[in-house]
>>> print(open('input.cif').read())   # mmCIF, C-alpha atoms and all ligand atoms
data_query
#
loop_
_atom_site.label_atom_id
_atom_site.label_comp_id
_atom_site.auth_asym_id
_atom_site.auth_seq_id
_atom_site.Cartn_x
_atom_site.Cartn_y
_atom_site.Cartn_z
CA MET A 1 9.88 -3.05 -19.65
CA VAL A 2 6.58 -4.01 -18.12
CA LEU A 3 4.73 -2.13 -15.41
CA MET A 4 3.16 -4.34 -12.75
CA ALA A 5 0.63 -1.93 -11.40
CA GLY A 6 -1.61 -2.75 -8.50
CA GLY A 7 -3.00 -2.14 -5.07
CA VAL A 8 -1.85 -3.51 -1.73
CA GLY A 9 -1.47 -7.24 -1.37
CA THR A 10 -2.58 -7.98 -4.92
CA GLY A 11 0.41 -10.29 -5.52
CA LYS A 12 2.83 -7.95 -7.31
CA THR A 13 5.93 -9.13 -5.45
CA THR A 14 4.98 -12.81 -5.72
CA LEU A 15 4.33 -12.59 -9.45
CA CYS A 16 7.66 -10.81 -10.01
CA LEU A 17 9.45 -13.46 -7.98
CA GLU A 18 7.88 -16.25 -10.01
CA PHE A 19 8.98 -14.48 -13.18
CA LEU A 20 12.59 -14.59 -11.94
CA VAL A 21 12.35 -18.21 -10.73
CA ARG A 22 10.93 -19.46 -14.04
CA GLY A 23 13.69 -17.59 -15.89
CA ALA A 24 16.46 -18.90 -13.61
CA GLU A 25 15.21 -22.46 -14.14
CA LYS A 26 15.83 -21.90 -17.85
CA GLY A 27 19.29 -20.47 -17.17
CA GLU A 28 18.32 -16.78 -17.43
CA LYS A 29 19.81 -14.92 -14.50
CA GLY A 30 17.57 -12.61 -12.50
CA LEU A 31 18.07 -9.52 -10.39
CA PHE A 32 15.55 -8.43 -7.77
CA ILE A 33 16.03 -4.81 -6.68
CA SER A 34 14.13 -4.41 -3.45
CA VAL A 35 13.20 -0.97 -2.25
CA THR A 36 10.25 -1.52 0.04
CA GLU A 37 11.19 -4.67 1.91
CA ALA A 38 14.53 -5.77 3.39
CA SER A 39 15.98 -8.67 1.39
CA THR A 40 16.29 -10.87 4.50
CA LYS A 41 12.57 -10.52 5.17
CA LEU A 42 11.77 -11.00 1.50
CA LEU A 43 13.75 -14.24 1.40
CA GLN A 44 11.97 -15.44 4.50
CA ASN A 45 8.59 -14.81 2.85
CA PHE A 46 9.72 -16.34 -0.44
CA THR A 47 10.65 -19.62 1.20
CA THR A 48 6.98 -20.19 2.08
CA PHE A 49 6.38 -20.74 -1.65
CA GLU A 50 7.23 -24.21 -2.94
CA PHE A 51 8.14 -22.86 -6.37
CA PHE A 52 10.89 -20.74 -4.85
CA ARG A 53 14.21 -22.57 -4.75
CA PRO A 54 16.77 -21.03 -2.35
CA ASP A 55 19.54 -22.80 -4.31
CA LEU A 56 18.86 -20.39 -7.20
CA VAL A 57 19.96 -17.57 -4.88
CA GLN A 58 22.88 -19.57 -3.49
CA HIS A 59 24.11 -20.24 -7.04
CA GLU A 60 23.60 -16.57 -7.95
CA LEU A 61 21.03 -17.34 -10.62
CA ILE A 62 18.85 -14.91 -8.70
CA THR A 63 20.46 -11.92 -6.99
CA ILE A 64 18.50 -9.88 -4.48
CA VAL A 65 19.77 -6.40 -3.65
CA ASP A 66 18.53 -3.79 -1.19
CA LEU A 67 18.35 -0.40 -2.81
CA PRO A 68 18.51 1.46 0.55
CA ILE A 69 21.92 -0.17 1.17
CA ILE A 70 23.07 1.02 -2.24
CA TYR A 71 21.87 4.56 -1.42
CA GLU A 72 24.05 4.43 1.68
CA ARG A 73 27.12 3.17 -0.18
CA LEU A 74 26.71 5.94 -2.71
CA GLY A 75 26.32 8.50 0.04
CA LEU A 76 22.76 9.17 -1.12
CA ASN A 77 21.23 8.46 2.26
CA ARG A 78 19.58 11.83 2.65
CA GLU A 79 15.83 12.15 2.44
CA GLU A 80 15.80 13.67 -1.01
CA LEU A 81 17.92 12.99 -4.08
CA LYS A 82 19.38 15.87 -6.08
CA PRO A 83 18.99 15.87 -9.90
CA GLY A 84 22.60 14.73 -10.52
CA GLU A 85 22.14 11.93 -8.04
CA VAL A 86 19.30 10.52 -10.09
CA ASP A 87 21.87 9.88 -12.84
CA ILE A 88 24.20 8.20 -10.35
CA LEU A 89 21.37 5.95 -9.20
CA VAL A 90 20.45 4.93 -12.75
CA ARG A 91 24.11 4.22 -13.56
CA THR A 92 24.48 2.16 -10.40
CA ILE A 93 21.42 0.06 -11.26
CA GLN A 94 22.84 -0.39 -14.76
CA ASP A 95 26.16 -1.60 -13.28
CA LEU A 96 24.32 -4.00 -10.98
CA VAL A 97 22.53 -5.54 -13.96
CA ARG A 98 25.82 -5.87 -15.86
CA GLU A 99 27.71 -7.34 -12.89
CA SER A 100 25.01 -9.87 -12.09
CA GLY A 101 24.63 -10.85 -15.75
CA ALA A 102 20.86 -10.62 -15.30
CA ARG A 103 18.52 -11.01 -18.26
CA ARG A 104 15.44 -10.46 -16.09
CA VAL A 105 15.17 -7.57 -13.66
CA VAL A 106 12.55 -6.61 -11.09
CA VAL A 107 12.31 -3.21 -9.38
CA ASP A 108 9.97 -3.43 -6.38
CA SER A 109 8.88 -0.75 -6.34
CA LEU A 110 9.26 2.16 -8.68
CA THR A 111 6.82 4.06 -6.49
CA SER A 112 9.17 3.86 -3.51
CA VAL A 113 12.10 5.18 -5.52
CA GLY A 114 9.80 7.96 -6.67
CA PHE A 115 9.02 8.98 -3.09
CA ARG A 116 12.73 9.32 -2.42
CA VAL A 117 13.18 11.50 -5.46
CA ARG A 118 10.33 13.68 -4.17
CA SER A 119 9.38 15.96 -7.05
CA GLU A 120 7.27 14.49 -9.82
CA GLU A 121 9.56 16.03 -12.39
CA LYS A 122 12.60 14.22 -11.01
CA ALA A 123 10.66 10.99 -10.66
CA ARG A 124 9.71 11.19 -14.34
CA ASP A 125 13.32 11.91 -15.24
CA PHE A 126 14.41 8.84 -13.24
CA ILE A 127 11.82 6.56 -14.87
CA LEU A 128 12.67 7.76 -18.38
CA LYS A 129 16.41 7.28 -17.79
CA LEU A 130 15.92 3.89 -16.16
CA GLY A 131 13.76 2.82 -19.10
CA GLN A 132 16.51 3.87 -21.50
CA ALA A 133 19.14 2.04 -19.43
CA PHE A 134 17.14 -1.21 -19.40
CA SER A 135 16.47 -0.88 -23.09
CA ASP A 136 20.21 -0.50 -23.76
CA LEU A 137 20.95 -3.53 -21.60
CA GLY A 138 18.36 -5.61 -23.45
CA THR A 139 16.85 -7.01 -20.23
CA THR A 140 13.22 -7.87 -19.63
CA SER A 141 12.23 -5.84 -16.61
CA LEU A 142 9.20 -5.71 -14.38
CA MET A 143 8.62 -2.45 -12.57
CA VAL A 144 6.21 -2.57 -9.68
CA ALA A 145 3.94 0.45 -9.30
CA GLU A 146 1.78 0.81 -6.23
CA VAL A 147 -1.41 2.34 -7.50
CA GLY A 148 -4.79 2.53 -5.88
CA ALA A 149 -8.16 1.50 -7.16
CA VAL A 150 -8.73 4.48 -9.44
CA PRO A 151 -10.19 3.05 -12.68
CA GLY A 152 -7.97 3.68 -15.69
CA VAL A 153 -5.01 4.93 -13.65
CA HIS A 154 -1.99 2.64 -13.91
CA SER A 155 0.78 4.98 -12.93
CA LEU A 156 1.63 7.63 -10.38
CA TYR A 157 3.65 9.98 -12.52
CA GLY A 158 1.67 9.72 -15.73
CA VAL A 159 4.70 8.74 -17.80
CA GLU A 160 5.29 5.15 -16.77
CA GLU A 161 2.40 3.68 -18.70
CA ALA A 162 3.40 5.55 -21.85
CA ILE A 163 7.09 4.62 -21.86
CA VAL A 164 6.77 0.98 -20.85
CA ASP A 165 6.13 -1.78 -23.37
CA GLY A 166 3.53 -3.47 -21.26
CA VAL A 167 1.14 -2.78 -18.41
CA VAL A 168 -0.25 -5.57 -16.22
CA MET A 169 -2.86 -4.43 -13.74
CA LEU A 170 -3.50 -6.34 -10.52
CA SER A 171 -6.48 -5.37 -8.44
CA ASN A 172 -8.53 -6.33 -5.44
CA VAL A 173 -12.16 -6.92 -6.39
CA ARG A 174 -14.81 -7.42 -3.75
CA ARG A 175 -17.45 -10.04 -4.46
CA ARG A 176 -20.02 -11.13 -1.89
CA GLY A 177 -17.72 -10.03 0.87
CA ASP A 178 -14.70 -11.90 -0.51
CA LEU A 179 -11.67 -10.13 -1.86
CA LEU A 180 -10.60 -11.58 -5.21
CA ARG A 181 -7.28 -10.89 -6.90
CA VAL A 182 -7.84 -9.91 -10.50
CA LEU A 183 -5.21 -9.60 -13.25
CA GLN A 184 -5.63 -7.80 -16.54
CA VAL A 185 -3.12 -7.13 -19.30
CA ILE A 186 -3.77 -3.54 -20.34
CA LYS A 187 -1.11 -3.42 -23.05
CA MET A 188 1.79 -5.51 -24.33
CA ARG A 189 3.55 -4.07 -27.36
CA GLY A 190 4.37 -6.44 -30.19
CA THR A 191 2.02 -9.24 -29.25
CA VAL A 192 -1.62 -10.22 -29.41
CA HIS A 193 -3.08 -10.76 -25.96
CA SER A 194 -6.31 -11.02 -24.10
CA ARG A 195 -7.56 -7.91 -22.32
CA ALA A 196 -10.01 -9.90 -20.25
CA GLN A 197 -9.91 -10.00 -16.48
CA TYR A 198 -8.57 -13.14 -14.82
CA VAL A 199 -8.98 -14.20 -11.25
CA ILE A 200 -5.60 -15.20 -9.87
CA GLU A 201 -4.73 -17.37 -6.96
CA LEU A 202 -1.35 -17.29 -5.28
CA THR A 203 -0.57 -20.89 -4.44
CA PRO A 204 2.57 -22.59 -3.11
CA ILE A 205 3.28 -23.98 -6.61
CA GLY A 206 2.86 -20.60 -8.29
CA MET A 207 0.21 -18.28 -9.64
CA LEU A 208 -2.94 -19.84 -11.07
CA MET A 209 -5.29 -17.97 -13.39
CA ALA A 210 -8.92 -18.55 -14.28
CA PRO A 211 -11.34 -16.47 -16.36
CA PHE A 212 -13.21 -13.95 -14.25
CA LEU A 213 -16.82 -15.06 -14.43
CA LYS A 214 -18.99 -12.00 -14.39
CA GLY A 215 -21.90 -13.63 -12.57
CA GLY A 216 -22.76 -12.41 -9.11
CA ARG A 217 -22.97 -8.97 -7.67
CA LEU A 218 -19.79 -6.91 -7.76
CA GLU A 219 -19.14 -4.35 -5.08
CA THR A 220 -16.02 -2.50 -6.21
N1 LIG A 301 3.02 -19.42 0.89
C1 LIG A 301 1.98 -18.77 0.36
N2 LIG A 301 1.09 -19.41 -0.40
C2 LIG A 301 0.05 -18.76 -0.93
N3 LIG A 301 -0.19 -17.45 -0.78
C3 LIG A 301 0.66 -16.77 -0.04
C4 LIG A 301 1.80 -17.37 0.57
N4 LIG A 301 2.49 -16.43 1.21
C5 LIG A 301 1.80 -15.28 1.04
N5 LIG A 301 0.70 -15.48 0.31
C6 LIG A 301 -0.28 -14.46 -0.10
O1 LIG A 301 0.42 -13.47 -0.81
C7 LIG A 301 0.04 -12.19 -0.34
C8 LIG A 301 1.17 -11.21 -0.50
O2 LIG A 301 1.39 -11.04 -1.85
P1 LIG A 301 2.47 -10.01 -2.37
O3 LIG A 301 3.40 -9.66 -1.27
O4 LIG A 301 3.02 -10.60 -3.61
O5 LIG A 301 1.55 -8.78 -2.71
P2 LIG A 301 2.01 -7.30 -3.07
O6 LIG A 301 1.05 -6.79 -4.07
O7 LIG A 301 3.44 -7.31 -3.42
O8 LIG A 301 1.78 -6.61 -1.66
P3 LIG A 301 2.34 -5.20 -1.12
O9 LIG A 301 1.32 -4.20 -1.53
O10 LIG A 301 2.41 -5.42 0.35
O11 LIG A 301 3.68 -4.99 -1.73
C9 LIG A 301 -0.30 -12.40 1.09
O12 LIG A 301 -1.19 -11.40 1.54
C10 LIG A 301 -0.93 -13.78 1.07
O13 LIG A 301 -2.31 -13.65 0.76
MG MG A 302 5.05 -6.21 -2.63
#
>>> encode(input="input.cif", output="structure tokens")
Amino acid sequence: MVLMAGGVGTGKTTLCLEFLVRGAEKGEKGLFISVTEASTKLLQNFTTFEFFRPDLVQHELITIVDLPIIYERLGLNREELKPGEVDILVRTIQDLVRESGARRVVVDSLTSVGFRVRSEEKARDFILKLGQAFSDLGTTSLMVAEVGAVPGVHSLYGVEEAIVDGVVMLSNVRRRGDLLRVLQVIKMRGTVHSRAQYVIELTPIGMLMAPFLKGGRLET
């Protein structure tokens, strides 16, 4: 379970999509659980990327589900979820993963589910239970977390970064008036990795990375 933490428009959704596409091309099914954006709109945006192949969705190698629709089906369409309902939600997500046969899962975003749960305590409970569920299922999952530009803060509830196996931070960095997208792997259990900052570019063929050259004046 990897946390994709970042600010607005840093490329979280695009990176998660590419992760599913690359997996599907290798025969690993993917599940995209959308909370913030309606799947129809998501699909529309996805098709502007050359690397996205709509046939992967048609052939159910990638399944996109709207969590708000699931809330409704479960009768959880009130503003706030009760503690028992958190368990129902986790179980439902678990069933969705099983039914779709997904090996790769994206939740975009964890933050939005957290808002629905309201209290921090319940949000933590949800994240811990979801983490356990994904671990039992043996999937590789990316959880999007919308976090601001507070240095060193990668999670909203303070537990995500501790329970996940990896944290990838995406940020907007201002340089000479331009806004650069910067990616940094904060942690990735069980592997050696760079902790350097990389400038990323979202291109039609996928994400490109280059070392972040420190020259020039930074205005963060
Ligand atoms: N076809 C495309 N080719 C290259 N870049 C694109 C294309 N379509 C969108 N983009 C870029 O991707 C950005 C959106 O990225 P994305 O939605 O992945 O970010 P995000 O971090 O998920 O944003 P949010 O905070 O809104 O959830 C757009 O602002 C635009 O700069
Ligand atoms: Mg997004």
>>> closest_residue(input="input.cif", among="A:Tyr198, A:Phe49, A:Phe32, A:Tyr71", to="Val106 (chain A)", atoms="only C-alpha atoms")
A:Phe32
>>> closest_residue(input="input.cif", among="A:Glu99, A:Asp108, A:Glu160, A:Glu120", to="Leu137 (chain A)", atoms="all atoms listed in the file")
A:Glu99
>>> residues_near_ligand(input="input.cif", ligand="ligand LIG 301 (chain A)", cutoff="9 Å", atoms="all atoms listed in the file", output="JSON, numbers by chain")
{"A": [5, 6, 7, 8, 9, 10, 11, 12, 13, 14, 15, 16, 17, 36, 37, 42, 45, 46, 47, 48, 49, 50, 108, 109, 144, 146, 170, 171, 201, 202, 203, 204, 205, 206, 207]}
>>> residues_near_point(input="input.cif", point="(6.5, -3.2, -21.0)", cutoff="7 Å", atoms="all atoms listed in the file", output="count of residues only")
8
>>> atom_distance(input="input.cif", atom1="CA of Leu96 (chain A)", atom2="CA of Lys29 (chain A)")
12.3 Å
>>> residues_around(input="input.cif", residues="Leu180 (chain A)", least_positions_apart="5", cutoff="8 Å", atoms="all atoms listed in the file", output="NGL selection string")
:A and (172-175 or 199-200)
>>> residues_around(input="input.cif", residues="Arg103 (chain A)", least_positions_apart="6", cutoff="7 Å", atoms="only C-alpha atoms", output="list in words")
Glu28, Lys29, Gly30, Thr139 and Thr140 of chain A
>>> write_last_selection(input="input.cif", atoms="C-alpha atoms", output="PDB file, in the frame of the given file")
ATOM      1  CA  GLU A  28      18.320 -16.780 -17.430  1.00  0.00           C
ATOM      2  CA  LYS A  29      19.810 -14.920 -14.500  1.00  0.00           C
ATOM      3  CA  GLY A  30      17.570 -12.610 -12.500  1.00  0.00           C
ATOM      4  CA  THR A 139      16.850  -7.010 -20.230  1.00  0.00           C
ATOM      5  CA  THR A 140      13.220  -7.870 -19.630  1.00  0.00           C
TER       6      THR A 140
END
>>> closest_residue(input="input.cif", among="A:His193, A:Asp125, A:Gln44, A:Leu61", to="Val159 (chain A)", atoms="all atoms listed in the file")
A:Asp125
>>> residues_around(input="input.cif", residues="Gly131 (chain A)", least_positions_apart="4", cutoff="9 Å", atoms="all atoms listed in the file", output="compact mmCIF listing (two decimals) with C-alpha atoms, keeping the file's coordinate frame")
# COMPACT_ATOMS: atom_id res chain seq x y z
CA MET A 1 9.88 -3.05 -19.65
CA PHE A 126 14.41 8.84 -13.24
CA ILE A 127 11.82 6.56 -14.87
CA SER A 135 16.47 -0.88 -23.09
CA ASP A 136 20.21 -0.50 -23.76
CA ILE A 163 7.09 4.62 -21.86
CA VAL A 164 6.77 0.98 -20.85
>>> closest_residue(input="input.cif", among="A:Val35, A:Met169, A:Ala196, A:Leu81", to="ligand MG 302 (chain A)", atoms="only C-alpha atoms and all ligand atoms")
A:Val35
>>> closest_residue(input="input.cif", among="A:Leu20, A:Val86, A:Val113, A:Ala145", to="Glu60 (chain A)", atoms="all atoms listed in the file")
A:Leu20
>>> closest_residue(input="input.cif", among="A:Asp178, A:Val147, A:Ser119, A:Ile69", to="ligand MG 302 (chain A)", atoms="all atoms listed in the file")
A:Val147
>>> atom_distance(input="input.cif", atom1="CA of Pro83 (chain A)", atom2="CA of Arg124 (chain A)")
11.3 Å
>>> atom_distance(input="input.cif", atom1="CA of Gln58 (chain A)", atom2="CA of Gly101 (chain A)")
15.1 Å
>>> residues_around(input="input.cif", residues="Asp66 (chain A)", least_positions_apart="6", cutoff="7 Å", atoms="all atoms listed in the file", output="list in words")
Ile33, Ser34, Val35, Ala38 and Ser39 of chain A
>>> write_last_selection(input="input.cif", atoms="C-alpha atoms", output="PDB file, in the coordinates of the input")
ATOM      1  CA  ILE A  33      16.030  -4.810  -6.680  1.00  0.00           C
ATOM      2  CA  SER A  34      14.130  -4.410  -3.450  1.00  0.00           C
ATOM      3  CA  VAL A  35      13.200  -0.970  -2.250  1.00  0.00           C
ATOM      4  CA  ALA A  38      14.530  -5.770   3.390  1.00  0.00           C
ATOM      5  CA  SER A  39      15.980  -8.670   1.390  1.00  0.00           C
TER       6      SER A  39
END
